[in-house]
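Asks: Data: data.txt, compact mmCIF, C-alpha atoms.
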# COMPACT_ATOMS: atom_id res chain seq x y z
CA MET T 1 43.87 81.10 -89.37
CA ARG T 2 45.75 80.13 -86.21
CA GLU T 3 49.13 78.86 -87.43
CA VAL T 4 51.24 80.40 -90.21
CA VAL T 5 54.59 79.02 -91.33
CA VAL T 6 57.09 81.05 -93.36
CA VAL T 7 59.73 78.90 -95.04
CA GLY T 8 62.74 81.05 -95.87
CA ALA T 9 64.22 83.80 -93.71
CA GLY T 10 65.68 86.07 -96.36
CA LEU T 11 64.22 89.44 -97.23
CA ALA T 12 60.93 88.10 -98.63
CA GLY T 13 60.32 85.84 -95.64
CA VAL T 14 61.13 88.51 -93.06
CA ARG T 15 58.93 91.07 -94.80
CA ALA T 16 56.13 88.51 -94.79
CA GLY T 17 56.52 87.90 -91.06
CA GLU T 18 56.49 91.62 -90.33
CA ALA T 19 53.40 92.15 -92.49
CA LEU T 20 51.51 89.30 -90.82
CA ARG T 21 51.89 90.92 -87.42
CA ALA T 22 51.26 94.41 -88.78
CA ARG T 23 47.96 93.16 -90.23
CA GLY T 24 46.84 91.82 -86.88
CA PHE T 25 47.73 88.15 -87.08
CA SER T 26 48.17 87.08 -83.45
CA GLY T 27 48.40 83.32 -83.89
CA ALA T 28 51.44 81.04 -83.93
CA LEU T 29 54.06 82.19 -86.43
CA THR T 30 56.96 79.89 -87.28
CA MET T 31 59.95 81.02 -89.36
CA VAL T 32 61.99 78.19 -90.91
CA SER T 33 65.50 78.84 -92.21
CA ASP T 34 68.18 76.45 -93.42
CA GLU T 35 70.83 78.92 -92.20
CA ALA T 36 71.83 79.18 -88.56
CA GLU T 37 72.49 82.90 -89.05
CA LEU T 38 70.16 85.65 -87.99
CA PRO T 39 68.40 87.04 -91.10
CA TYR T 40 70.59 89.33 -93.19
CA ASP T 41 70.57 91.37 -96.37
CA ARG T 42 72.26 89.66 -99.32
CA PRO T 43 73.19 92.44 -101.81
CA PRO T 44 76.16 93.68 -99.71
CA LEU T 45 77.75 90.22 -99.57
CA THR T 46 79.63 90.39 -102.86
CA LYS T 47 80.46 94.04 -102.42
CA GLN T 48 80.98 95.56 -98.96
CA VAL T 49 81.28 92.30 -97.00
CA VAL T 50 83.91 90.85 -99.34
CA ALA T 51 85.65 94.23 -99.31
CA GLY T 52 85.60 94.27 -95.50
CA THR T 53 83.77 97.60 -95.17
CA LEU T 54 80.70 95.92 -93.65
CA THR T 55 80.47 93.03 -91.19
CA ALA T 56 77.83 90.38 -90.66
CA ASP T 57 76.30 92.47 -87.88
CA ASP T 58 76.04 95.47 -90.21
CA ILE T 59 73.82 93.65 -92.70
CA ARG T 60 71.33 92.07 -90.29
CA LEU T 61 67.72 92.68 -91.31
CA ALA T 62 66.35 95.12 -88.77
CA GLY T 63 63.21 93.99 -86.96
CA ALA T 64 63.53 90.30 -87.79
CA GLU T 65 63.55 89.40 -84.10
CA ASP T 66 60.74 91.73 -83.13
CA PHE T 67 57.54 90.19 -84.47
CA GLY T 68 57.14 87.35 -82.02
CA ALA T 69 57.92 84.33 -84.18
CA ARG T 70 59.20 80.90 -83.24
CA TRP T 71 62.44 80.51 -85.17
CA VAL T 72 63.69 77.20 -86.56
CA ARG T 73 67.25 77.93 -87.71
CA GLY T 74 69.79 75.70 -89.36
CA THR T 75 67.18 73.15 -90.41
CA ALA T 76 65.92 72.96 -93.97
CA ALA T 77 62.42 72.16 -95.13
CA VAL T 78 62.56 68.87 -97.05
CA GLY T 79 58.93 68.20 -97.92
CA LEU T 80 55.39 69.54 -98.02
CA ASP T 81 52.23 67.54 -97.31
CA ARG T 82 49.42 69.78 -98.53
CA GLU T 83 46.67 67.33 -97.62
CA ARG T 84 47.71 67.22 -93.96
CA ARG T 85 49.06 70.79 -94.06
CA ARG T 86 52.50 69.91 -92.72
CA VAL T 87 56.00 71.13 -93.57
CA ARG T 88 58.56 68.35 -93.10
CA LEU T 89 61.98 69.34 -91.78
CA ALA T 90 65.40 67.75 -92.25
CA ASP T 91 65.52 66.67 -88.58
CA GLY T 92 62.32 64.64 -88.99
CA ALA T 93 60.02 67.14 -87.32
CA GLU T 94 56.79 68.37 -88.91
CA VAL T 95 55.40 71.89 -88.59
CA PRO T 96 51.63 72.27 -89.05
CA TYR T 97 50.14 75.27 -90.81
CA ASP T 98 46.85 76.91 -91.65
CA GLY T 99 48.70 79.30 -93.94
CA LEU T 100 52.10 78.91 -95.61
CA VAL T 101 54.47 81.46 -97.15
CA VAL T 102 57.00 79.92 -99.55
CA ALA T 103 60.04 82.22 -99.63
CA THR T 104 62.97 79.83 -99.96
CA GLY T 105 64.78 81.89 -102.58
CA ALA T 106 67.55 80.34 -104.62
CA GLN T 107 70.87 78.53 -104.24
CA ALA T 108 74.10 79.04 -106.12
CA ARG T 109 74.38 76.79 -109.16
CA VAL T 110 77.27 74.41 -108.48
CA TRP T 111 79.82 73.10 -110.95
CA PRO T 112 78.45 69.93 -112.63
CA GLY T 113 80.97 67.44 -111.29
CA GLU T 114 83.54 66.97 -108.58
CA VAL T 115 85.65 69.97 -107.66
CA PRO T 116 88.87 70.18 -105.64
CA ALA T 117 89.37 72.30 -102.53
CA GLY T 118 89.58 75.97 -103.33
CA VAL T 119 86.66 75.93 -105.79
CA LEU T 120 83.89 77.97 -104.17
CA THR T 121 80.44 79.39 -104.78
CA VAL T 122 79.09 82.53 -103.14
CA ARG T 123 75.49 82.82 -101.99
CA GLY T 124 75.50 83.30 -98.22
CA LEU T 125 77.56 84.63 -95.35
CA ASP T 126 79.43 81.39 -94.81
CA ASP T 127 80.48 81.43 -98.47
CA VAL T 128 81.88 84.95 -98.15
CA ARG T 129 83.72 83.96 -94.97
CA ALA T 130 85.27 81.02 -96.80
CA LEU T 131 86.39 83.26 -99.66
CA ARG T 132 87.88 85.87 -97.34
CA ALA T 133 89.66 83.11 -95.39
CA GLU T 134 91.37 82.03 -98.62
CA ILE T 135 92.44 85.60 -99.41
CA ASP T 136 93.52 86.33 -95.85
CA GLY T 137 95.47 83.07 -95.93
CA GLY T 138 97.55 84.30 -98.86
CA ALA T 139 95.67 83.27 -102.01
CA ARG T 140 96.43 85.82 -104.74
CA GLU T 141 95.49 84.12 -108.03
CA VAL T 142 91.68 84.10 -108.28
CA VAL T 143 89.60 83.02 -111.27
CA VAL T 144 85.91 83.99 -111.28
CA VAL T 145 83.85 81.80 -113.62
CA GLY T 146 80.82 83.70 -114.91
CA ALA T 147 80.41 87.44 -115.49
CA GLY T 148 76.85 87.97 -114.34
CA PHE T 149 76.10 90.23 -111.39
CA VAL T 150 77.69 87.99 -108.77
CA GLY T 151 80.83 87.42 -110.81
CA VAL T 152 81.30 91.07 -111.75
CA GLU T 153 80.71 92.31 -108.20
CA LEU T 154 83.14 89.76 -106.77
CA ALA T 155 85.83 90.61 -109.32
CA SER T 156 85.44 94.30 -108.51
CA SER T 157 85.60 93.74 -104.76
CA LEU T 158 88.60 91.39 -104.88
CA VAL T 159 90.75 93.51 -107.16
CA GLY T 160 89.93 96.54 -105.02
CA LEU T 161 91.16 95.01 -101.77
CA GLY T 162 94.63 96.47 -102.19
CA LEU T 163 96.25 93.13 -101.35
CA GLY T 164 97.65 92.37 -104.77
CA VAL T 165 94.91 89.89 -105.67
CA ARG T 166 95.09 89.04 -109.39
CA VAL T 167 91.62 88.37 -110.76
CA THR T 168 90.67 86.75 -114.06
CA LEU T 169 87.01 86.92 -115.07
CA VAL T 170 85.84 84.22 -117.51
CA GLU T 171 82.62 84.64 -119.50
CA PRO T 172 81.77 82.16 -122.27
CA PHE T 173 78.99 84.27 -123.78
CA GLY T 174 81.12 87.22 -124.73
CA ARG T 175 80.37 90.19 -122.46
CA PRO T 176 79.96 90.84 -118.73
CA LEU T 177 76.42 91.71 -117.58
CA ARG T 178 75.20 90.84 -121.06
CA VAL T 179 71.61 90.63 -119.78
CA LEU T 180 71.53 94.44 -119.74
CA GLY T 181 71.98 94.69 -123.50
CA GLY T 182 73.09 97.78 -125.38
CA THR T 183 76.56 99.22 -124.77
CA VAL T 184 76.57 98.91 -120.97
CA PRO T 185 78.29 95.47 -120.99
CA ASP T 186 81.11 96.98 -123.04
CA VAL T 187 81.43 99.85 -120.54
CA VAL T 188 81.69 97.31 -117.71
CA ALA T 189 84.32 95.29 -119.59
CA GLU T 190 86.50 98.33 -120.18
CA ALA T 191 86.17 99.48 -116.56
CA ALA T 192 87.17 95.98 -115.40
CA ARG T 193 90.30 96.06 -117.56
CA ARG T 194 91.27 99.49 -116.22
CA ALA T 195 90.86 98.16 -112.68
CA GLY T 196 93.35 95.38 -113.44
CA VAL T 197 90.99 92.46 -114.04
CA ALA T 198 92.05 90.09 -116.82
CA LEU T 199 89.07 89.18 -119.02
CA ARG T 200 88.69 85.92 -120.91
CA LEU T 201 85.55 86.45 -122.95
CA GLY T 202 83.97 84.06 -125.43
CA THR T 203 85.49 80.88 -124.03
CA GLY T 204 84.13 78.56 -121.38
CA VAL T 205 85.60 76.47 -118.58
CA THR T 206 86.00 72.73 -119.11
CA GLY T 207 87.48 71.73 -115.75
CA PHE T 208 90.01 72.31 -113.00
CA ARG T 209 93.66 71.34 -112.61
CA VAL T 210 94.67 69.99 -109.21
CA THR T 211 97.88 70.74 -107.34
CA GLY T 212 98.13 68.41 -104.38
CA GLU T 213 94.56 68.31 -103.14
CA ARG T 214 93.68 71.88 -104.17
CA VAL T 215 92.80 73.70 -107.33
CA GLY T 216 95.90 74.84 -109.19
CA GLY T 217 94.43 75.93 -112.49
CA VAL T 218 91.26 76.46 -114.53
CA GLU T 219 91.08 74.74 -117.91
CA LEU T 220 89.43 76.72 -120.72
CA ALA T 221 87.69 75.47 -123.85
CA ASP T 222 90.37 77.08 -126.04
CA GLY T 223 92.97 74.77 -124.51
CA SER T 224 94.63 77.31 -122.24
CA VAL T 225 94.99 76.96 -118.47
CA LEU T 226 94.66 79.85 -116.04
CA PRO T 227 96.68 79.68 -112.81
CA ALA T 228 94.36 79.66 -109.81
CA GLU T 229 94.76 79.35 -106.07
CA VAL T 230 91.03 79.97 -105.72
CA ALA T 231 88.23 79.63 -108.28
CA VAL T 232 84.76 81.06 -107.69
CA VAL T 233 81.96 79.49 -109.72
CA ALA T 234 79.35 82.18 -110.41
CA ILE T 235 77.22 80.55 -113.09
CA GLY T 236 73.78 81.50 -111.85
CA MET T 237 71.18 80.49 -109.31
CA VAL T 238 68.84 77.53 -108.90
CA PRO T 239 65.43 78.08 -107.25
CA ALA T 240 65.27 76.32 -103.87
CA THR T 241 62.21 74.21 -104.64
CA GLY T 242 63.50 70.67 -104.29
CA TRP T 243 61.50 70.31 -101.08
CA LEU T 244 58.29 70.98 -103.05
CA VAL T 245 58.72 68.18 -105.60
CA GLY T 246 55.76 65.84 -105.19
CA SER T 247 53.67 68.43 -103.34
CA GLY T 248 51.30 68.98 -106.24
CA LEU T 249 52.32 72.60 -106.75
CA ALA T 250 53.18 73.79 -110.26
CA LEU T 251 56.96 74.19 -110.62
CA PRO T 252 57.71 75.50 -114.14
CA ALA T 253 61.45 75.85 -114.70
CA GLY T 254 61.93 74.99 -111.03
CA ARG T 255 60.08 78.03 -109.67
CA VAL T 256 56.70 78.05 -107.92
CA HIS T 257 54.03 79.29 -110.29
CA CYS T 258 51.70 81.77 -108.62
CA ASP T 259 48.81 83.90 -109.85
CA GLU T 260 48.63 87.70 -109.86
CA ARG T 261 47.73 87.64 -106.15
CA LEU T 262 50.75 85.43 -105.27
CA PHE T 263 48.69 82.31 -104.44
CA ALA T 264 50.51 79.14 -105.47
CA ARG T 265 49.09 77.36 -108.51
CA THR T 266 48.60 73.62 -108.42
CA ALA T 267 50.00 71.32 -111.07
CA GLY T 268 47.92 69.92 -113.89
CA VAL T 269 44.78 72.06 -113.64
CA ALA T 270 44.98 75.55 -115.13
CA GLY T 271 43.63 78.33 -112.96
CA VAL T 272 43.48 76.39 -109.69
CA VAL T 273 45.34 77.86 -106.71
CA ASP T 274 45.90 76.67 -103.16
CA PRO T 275 44.28 79.36 -100.99
CA ARG T 276 46.49 78.46 -98.04
CA ILE T 277 49.84 78.93 -99.81
CA VAL T 278 51.41 82.15 -101.08
CA VAL T 279 54.80 82.65 -102.73
CA ALA T 280 57.32 85.50 -102.61
CA GLY T 281 60.80 86.41 -103.82
CA ASP T 282 63.32 84.67 -106.08
CA VAL T 283 61.46 81.38 -105.86
CA ALA T 284 58.29 82.79 -107.48
CA ARG T 285 57.20 82.75 -111.10
CA CYS T 286 54.38 85.25 -110.87
CA ASP T 287 51.70 85.85 -113.50
CA ALA T 288 51.74 89.58 -112.65
CA VAL T 289 55.40 90.04 -113.68
CA ARG T 290 55.72 89.45 -117.39
CA ASP T 291 57.01 90.67 -120.69
CA ALA T 292 55.44 90.12 -124.09
CA ASP T 293 56.43 86.45 -124.01
CA GLY T 294 54.99 85.56 -120.61
CA PRO T 295 55.88 85.53 -116.89
CA VAL T 296 59.40 86.68 -116.03
CA PRO T 297 61.10 85.61 -112.78
CA LEU T 298 62.78 88.48 -110.92
CA GLU T 299 65.78 88.22 -108.58
CA HIS T 300 65.62 91.82 -107.41
CA TRP T 301 65.78 93.13 -103.85
CA SER T 302 62.78 95.41 -104.39
CA ASN T 303 60.69 92.56 -105.81
CA ALA T 304 61.40 90.29 -102.83
CA ALA T 305 60.49 93.02 -100.35
CA ALA T 306 57.25 93.95 -102.09
CA GLN T 307 56.14 90.38 -102.71
CA GLY T 308 56.85 89.32 -99.14
CA GLU T 309 54.62 92.02 -97.76
CA LEU T 310 51.76 91.49 -100.22
CA ALA T 311 51.90 87.69 -99.91
CA ALA T 312 51.29 87.97 -96.17
CA ARG T 313 48.44 90.44 -96.59
CA ASN T 314 46.75 88.29 -99.22
CA LEU T 315 47.17 85.12 -97.18
CA LEU T 316 45.20 86.73 -94.37
CA ALA T 317 42.64 88.29 -96.70
CA GLY T 318 41.97 85.13 -98.72
CA PRO T 319 41.67 84.88 -102.52
CA ALA T 320 38.32 86.67 -102.74
CA ALA T 321 39.64 89.87 -101.14
CA ALA T 322 43.28 89.64 -102.22
CA GLU T 323 45.05 92.35 -104.20
CA SER T 324 46.96 91.85 -107.44
CA TYR T 325 50.71 92.36 -107.34
CA VAL T 326 51.68 95.65 -109.00
CA HIS T 327 55.37 96.38 -109.19
CA LEU T 328 57.89 98.12 -111.44
CA PRO T 329 61.12 96.10 -111.56
CA SER T 330 64.16 98.11 -110.56
CA PHE T 331 67.69 97.38 -109.39
CA TRP T 332 71.12 98.86 -108.88
CA THR T 333 74.60 97.55 -108.62
CA SER T 334 78.08 99.01 -108.44
CA ALA T 335 81.38 97.68 -109.80
CA PHE T 336 84.71 99.12 -110.90
CA GLY T 337 83.60 102.64 -110.00
CA LEU T 338 80.40 102.39 -112.05
CA ARG T 339 76.94 102.78 -110.56
CA ILE T 340 74.48 100.90 -112.75
CA ARG T 341 70.73 101.26 -112.37
CA SER T 342 67.76 99.88 -114.24
CA VAL T 343 63.98 100.14 -114.38
CA GLY T 344 61.59 97.88 -116.24
CA LEU T 345 62.92 94.89 -118.15
CA PRO T 346 65.92 96.01 -120.21
CA GLY T 347 67.37 93.35 -122.43
CA THR T 348 63.90 92.14 -123.48
CA GLY T 349 63.48 94.64 -126.29
CA ASP T 350 64.38 94.67 -129.98
CA ARG T 351 65.94 98.15 -130.11
CA VAL T 352 68.25 100.14 -127.83
CA VAL T 353 68.47 103.94 -128.02
CA VAL T 354 71.17 106.04 -126.33
CA GLU T 355 69.11 108.79 -124.70
CA GLU T 356 71.82 110.62 -122.72
CA GLY T 357 75.58 110.58 -122.63
CA ALA T 358 77.57 108.71 -125.23
CA PRO T 359 77.66 104.98 -126.02
CA GLY T 360 80.69 103.24 -124.57
CA THR T 361 81.36 105.93 -121.96
CA GLU T 362 81.00 105.92 -118.18
CA LYS T 363 77.99 108.23 -118.32
CA VAL T 364 75.23 106.84 -120.48
CA LEU T 365 71.50 106.20 -120.33
CA GLU T 366 69.96 103.72 -122.75
CA ALA T 367 66.26 103.05 -123.33
CA HIS T 368 65.09 99.64 -124.51
CA TYR T 369 62.08 99.36 -126.81
CA ARG T 370 60.06 96.46 -128.13
CA GLU T 371 57.92 97.09 -131.22
CA GLY T 372 58.23 100.79 -130.51
CA ARG T 373 57.15 100.54 -126.87
CA LEU T 374 59.41 101.31 -123.91
CA VAL T 375 60.18 98.17 -121.89
CA GLY T 376 63.12 99.31 -119.76
CA ALA T 377 66.03 101.68 -119.27
CA VAL T 378 69.59 101.31 -117.97
CA SER T 379 71.93 104.01 -116.75
CA VAL T 380 75.61 104.19 -115.86
CA ASN T 381 76.36 107.01 -113.41
CA LEU T 382 73.13 108.78 -114.47
CA GLY T 383 70.70 107.08 -112.09
CA LYS T 384 68.70 110.19 -111.21
CA ARG T 385 67.54 110.39 -114.83
CA LEU T 386 65.62 107.11 -114.54
CA ALA T 387 62.63 108.53 -112.66
CA GLY T 388 61.11 109.83 -115.90
CA TYR T 389 61.45 106.45 -117.57
CA ALA T 390 59.86 104.79 -114.55
CA ARG T 391 56.87 107.13 -114.91
CA ARG T 392 56.60 106.31 -118.60
CA LEU T 393 56.68 102.59 -117.88
CA GLN T 394 53.95 103.06 -115.30
CA GLU T 395 51.79 105.07 -117.65
CA GLU T 396 52.36 103.02 -120.80
CA GLY T 397 52.38 99.66 -119.02
CA PRO T 398 54.74 97.33 -120.94
CA GLY T 399 52.71 94.12 -120.80
CA ALA T 400 51.63 93.59 -117.18
CA VAL T 401 54.77 95.15 -115.71
CA THR T 402 53.44 98.33 -114.15
CA GLY T 403 53.63 99.88 -110.75
CA PRO T 404 54.77 102.63 -108.40
CA VAL T 405 57.90 104.66 -108.98
CA SER T 406 58.63 105.54 -105.36
CA GLY T 407 61.94 103.80 -104.52
CA VAL T 408 63.52 104.14 -107.94
CA ALA T 409 66.10 106.52 -106.51
CA GLY T 410 66.52 104.44 -103.35
CA GLU T 411 68.84 101.59 -102.45
CA THR T 412 66.91 98.86 -104.25
CA GLY T 413 69.88 96.57 -104.79
CA VAL T 414 70.25 93.40 -106.83
CA ALA T 415 68.93 90.29 -105.21
CA GLY T 416 70.55 88.18 -107.86
CA GLY T 417 73.72 89.91 -106.78
CA VAL T 418 73.26 87.59 -103.91
CA SER T 419 71.09 87.88 -105.62
CA ALA T 420 72.18 89.48 -108.17
CA GLY T 421 70.56 89.12 -108.28
CA GLY T 422 70.55 87.60 -108.31
CA GLY T 423 68.81 87.20 -106.06
CA PRO T 424 69.23 86.17 -105.40
CA VAL T 425 67.31 86.79 -101.71
CA GLY T 426 64.69 84.43 -100.54
Output the file's structure as structure tokens, nothing else.
Replies:
Amino acid sequence: MREVVVVGAGLAGVRAGEALRARGFSGALTMVSDEAELPYDRPPLTKQVVAGTLTADDIRLAGAEDFGARWVRGTAAVGLDRERRRVRLADGAEVPYDGLVVATGAQARVWPGEVPAGVLTVRGLDDVRALRAEIDGGAREVVVVGAGFVGVELASSLVGLGLGVRVTLVEPFGRPLRVLGGTVPDVVAEAARRAGVALRLGTGVTGFRVTGERVGGVELADGSVLPAEVAVVAIGMVPATGWLVGSGLALPAGRVHCDERLFARTAGVAGVVDPRIVVAGDVARCDAVRDADGPVPLEHWSNAAAQGELAARNLLAGPAAAESYVHLPSFWTSAFGLRIRSVGLPGTGDRVVVEEGAPGTEKVLEAHYREGRLVGAVSVNLGKRLAGYARRLQEEGPGAVTGPVSGVAGETGVAGGVSAGGGPVG
């Protein structure tokens, strides 16, 4: 293997580049990124960067410039020719490869239709700069559409700026961070109200009112209109796989299907993988990460880091000597003074048990079970208690989701937080 191309320069891609060199790959290494920025960490974007406590320089991924790669920045991959082993770029160039790491992550889901000025999404540094420019320019009425990780983190950061920003958080499905299940979404909702965020739960957005050429209001399904000088659409992420359409790779639900060793599966023939292509991060739908119903995509910081490293090692080793991916999902986020942590796959169970603290309070730990078996746990301000649940998940093995517990107490972050979570991260 003489030429390796990594498409995507987020966490997964950078970890892959580092691992290639660490494992002795001395050939040509090309890193392709559609952003002109130096590689950076995404979880702080909706928190510390919006809040102004961290700058772009503070969140740069350390070591990204140190492993001797040729960088192609600000130019997206637009196609893949597997037969000729070429990655096609937006500027018309082609990059040859003997081995390819697909780590293109995800993009913010945009509003389905035309939007006026002042309607934003947040996924990258430029998006955060645009949002802060609106706030610094005097915008004070902000509506955040969607109360997943990105929406909740943004609402928390904006209302905490101390600039008199009035934030309304809209969530059509009833509760913020509802994916966590149990009582934690209710704890988050109450903390948001105490922080001064207005919540509109159980009603969706139908469109935007225009004042001049800018957004002036957000129209809700119940007929009401929220005043808005800025609206942030935070309605999820879309895997960045458009460039792979027609490549012959399997793309279920828009993600790249890969086996337990992270080799990309081809479309149409079950069990066949491309031994020259591995996948890592938010863009992957991996057979090794699953609940009782099948593979589960993860937009977690820790997942992107671990998959990036293993994907590179397995690419060099080849399918015959490759290792299976073994990982215990974990994440953390913070909002409205709450520190929320999780291990396993909470929200996928059929029963939630309050194990410590009291339901509905700011100190609670809830375990999630499916058919009597632990599948995940979530804590609010009791994160240190999760190590025991991580060990149980490792020992009991809920489905194929097993793995090490080292890092549970560390800064694992939410890739889907920009990522969230997330992720996502790329």
Asks: Kindly indicate which residue among T:Pro295, T:Gly357, T:Gly216, T:Gly344 lies nearest to Leu382 (chain T), using only C-alpha atoms for the distances.
Replies: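 The closest residue to Leu382 (chain T) is T:Gly357.
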Asks: Mind listing whatever residues come within 6 Å of the point (80.5, 80.7, -114.7)? Use only C-alpha atoms, file coordinates, and give them as a list in words.
Replies: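 Neighbouring residues, ordered by chain and number, come to Val145, Gly146, Val233, Ala234 and Ile235 of chain T.
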Asks: What are the nearest atom pairs, with distances in Å to one decimal, for all residues of region 174-270 of chain T that come at most 12 Å from region 319-326 of chain T, using all atoms listed in the file, set out by chain and rising residue number as a tab-separated table?
Replies:
residue	atom	partner	partner_atom	distance
T:Cys258	CA	T:Tyr325	CA	10.7
T:Asp259	CA	T:Ser324	CA	8.5
T:Glu260	CA	T:Ser324	CA	5.1
T:Arg261	CA	T:Ser324	CA	4.5
T:Leu262	CA	T:Tyr325	CA	7.2
T:Phe263	CA	T:Pro319	CA	7.7
T:Ala264	CA	T:Pro319	CA	10.9
Asks: List as a VMD selection string the protein and nucleic acid residues near Arg209 (chain T), meaning an atom at most 12 Å away when all atoms listed in the file are counted, but skip any in the same chain fewer than 6 places from it.
Replies: chain T and resid 114 to 119 215 to 220 224 to 231
Asks: Need the shell around Arg339 (chain T): protein/DNA/RNA residues with any atom at most 9 Å away, counting all atoms listed in the file. Skip same-chain ones fewer than 4 positions apart. Format as a ChimeraX atom specification?
Replies: /T:332-335,379-383
Asks: For a quick check of understanding, using only C-alpha atoms, which of T:Phe25, T:Phe336, T:Tyr369, T:Phe208 has the smallest distance to Leu154 (chain T)?
Replies: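 With only C-alpha atoms as the atom set, the closest residue is T:Phe336.
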Asks: State, in Å with one decimal place, the distance from CA of Leu338 (chain T) to CA of Pro359 (chain T).
Replies: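 About the pair CA of Leu338 (chain T) and CA of Pro359 (chain T): they are 14.5 Å apart.
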Asks: What lies within 9 Å of region 277-279 of chain T using all atoms listed in the file, ignoring chain neighbours under 3 positions off, as a PyMOL selection string?
Replies: chain T and resi 98-103+256-258+261-265+273-274+283-286+307-308+311-312+314-315
Asks: Take the residues from that selection and write them out as a tab-separated table (two decimals), keeping the file's coordinate frame, keeping C-alpha atoms.
Replies:
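Ended up saving to again-v3.tsv:
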chain	number	residue	atom	x	y	z
T	98	ASP	CA	46.85	76.91	-91.65
T	99	GLY	CA	48.70	79.30	-93.94
T	100	LEU	CA	52.10	78.91	-95.61
T	101	VAL	CA	54.47	81.46	-97.15
T	102	VAL	CA	57.00	79.92	-99.55
T	103	ALA	CA	60.04	82.22	-99.63
T	256	VAL	CA	56.70	78.05	-107.92
T	257	HIS	CA	54.03	79.29	-110.29
T	258	CYS	CA	51.70	81.77	-108.62
T	261	ARG	CA	47.73	87.64	-106.15
T	262	LEU	CA	50.75	85.43	-105.27
T	263	PHE	CA	48.69	82.31	-104.44
T	264	ALA	CA	50.51	79.14	-105.47
T	265	ARG	CA	49.09	77.36	-108.51
T	273	VAL	CA	45.34	77.86	-106.71
T	274	ASP	CA	45.90	76.67	-103.16
T	283	VAL	CA	61.46	81.38	-105.86
T	284	ALA	CA	58.29	82.79	-107.48
T	285	ARG	CA	57.20	82.75	-111.10
T	286	CYS	CA	54.38	85.25	-110.87
T	307	GLN	CA	56.14	90.38	-102.71
T	308	GLY	CA	56.85	89.32	-99.14
T	311	ALA	CA	51.90	87.69	-99.91
T	312	ALA	CA	51.29	87.97	-96.17
T	314	ASN	CA	46.75	88.29	-99.22
T	315	LEU	CA	47.17	85.12	-97.18
Asks: So, counting all atoms listed in the file, which residue among T:Val7, T:Ala76, T:Val184, T:Val128 is closest to Asp91 (chain T)?
Replies: T:Ala76
Asks: Do a neighbour search on Asp34 (chain T) at 6 Å with all atoms listed in the file, toss out local chain neighbours closer than 5 positions, and write the hits as a list in words.
Replies: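 Those residues are Arg73, Gly74, Thr75 and Ala76 of chain T.
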Asks: In Å, rounded to a single decimal, give me how far CA of Arg166 (chain T) is from CA of Glu141 (chain T).
Replies: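 These atoms are spaced 5.1 Å apart.
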Asks: With only C-alpha atoms as the basis for distance, which of T:Pro176, T:Gly17, T:Pro43, T:Gly52 is at the shortest distance from Ala69 (chain T)?
Replies: T:Gly17
Asks: What's the separation between CA of Leu316 (chain T) and CA of Met1 (chain T), in Å to one decimal place?
Replies: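 So the answer is 7.6 Å.
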Asks: Would you list the residues near (83.7, 92.3, -103.9), meaning any protein, DNA or RNA residue with an atom at most 10 Å from that point in file coordinates, counting only C-alpha atoms, as a JSON list (two decimals) with C-alpha atoms, in the frame of the given file?
Replies:
[["chain", "number", "residue", "atom", "x", "y", "z"],
["T", 44, "PRO", "CA", 76.16, 93.68, -99.71],
["T", 45, "LEU", "CA", 77.75, 90.22, -99.57],
["T", 46, "THR", "CA", 79.63, 90.39, -102.86],
["T", 47, "LYS", "CA", 80.46, 94.04, -102.42],
["T", 48, "GLN", "CA", 80.98, 95.56, -98.96],
["T", 49, "VAL", "CA", 81.28, 92.30, -97.00],
["T", 50, "VAL", "CA", 83.91, 90.85, -99.34],
["T", 51, "ALA", "CA", 85.65, 94.23, -99.31],
["T", 52, "GLY", "CA", 85.60, 94.27, -95.50],
["T", 128, "VAL", "CA", 81.88, 84.95, -98.15],
["T", 150, "VAL", "CA", 77.69, 87.99, -108.77],
["T", 151, "GLY", "CA", 80.83, 87.42, -110.81],
["T", 152, "VAL", "CA", 81.30, 91.07, -111.75],
["T", 153, "GLU", "CA", 80.71, 92.31, -108.20],
["T", 154, "LEU", "CA", 83.14, 89.76, -106.77],
["T", 155, "ALA", "CA", 85.83, 90.61, -109.32],
["T", 156, "SER", "CA", 85.44, 94.30, -108.51],
["T", 157, "SER", "CA", 85.60, 93.74, -104.76],
["T", 158, "LEU", "CA", 88.60, 91.39, -104.88],
["T", 159, "VAL", "CA", 90.75, 93.51, -107.16],
["T", 160, "GLY", "CA", 89.93, 96.54, -105.02],
["T", 161, "LEU", "CA", 91.16, 95.01, -101.77],
["T", 334, "SER", "CA", 78.08, 99.01, -108.44],
["T", 335, "ALA", "CA", 81.38, 97.68, -109.80],
["T", 336, "PHE", "CA", 84.71, 99.12, -110.90]]
Asks: Hey, which of T:Leu125, T:Val4, T:Leu20, T:Ala36 ends up closest to Val87 (chain T)? Count only C-alpha atoms.
Replies: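 Ranked by minimum distance to Val87 (chain T), first place goes to T:Val4.
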Asks: For a quick check of understanding, using all atoms listed in the file, which of T:Asp41, T:Gly79, T:Val232, T:Asp58 has the smallest distance to Gly246 (chain T)?
Replies: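 Closest residue, counting all atoms listed in the file: T:Gly79.
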Asks: Would you pick out the contacts of Leu201 (chain T) at 8 Å or less, using all atoms listed in the file, so that residues sharing its chain but fewer than 5 positions from it are not included, and give the list as an MDAnalysis selection string?
Replies: chainID T and resid 170:175
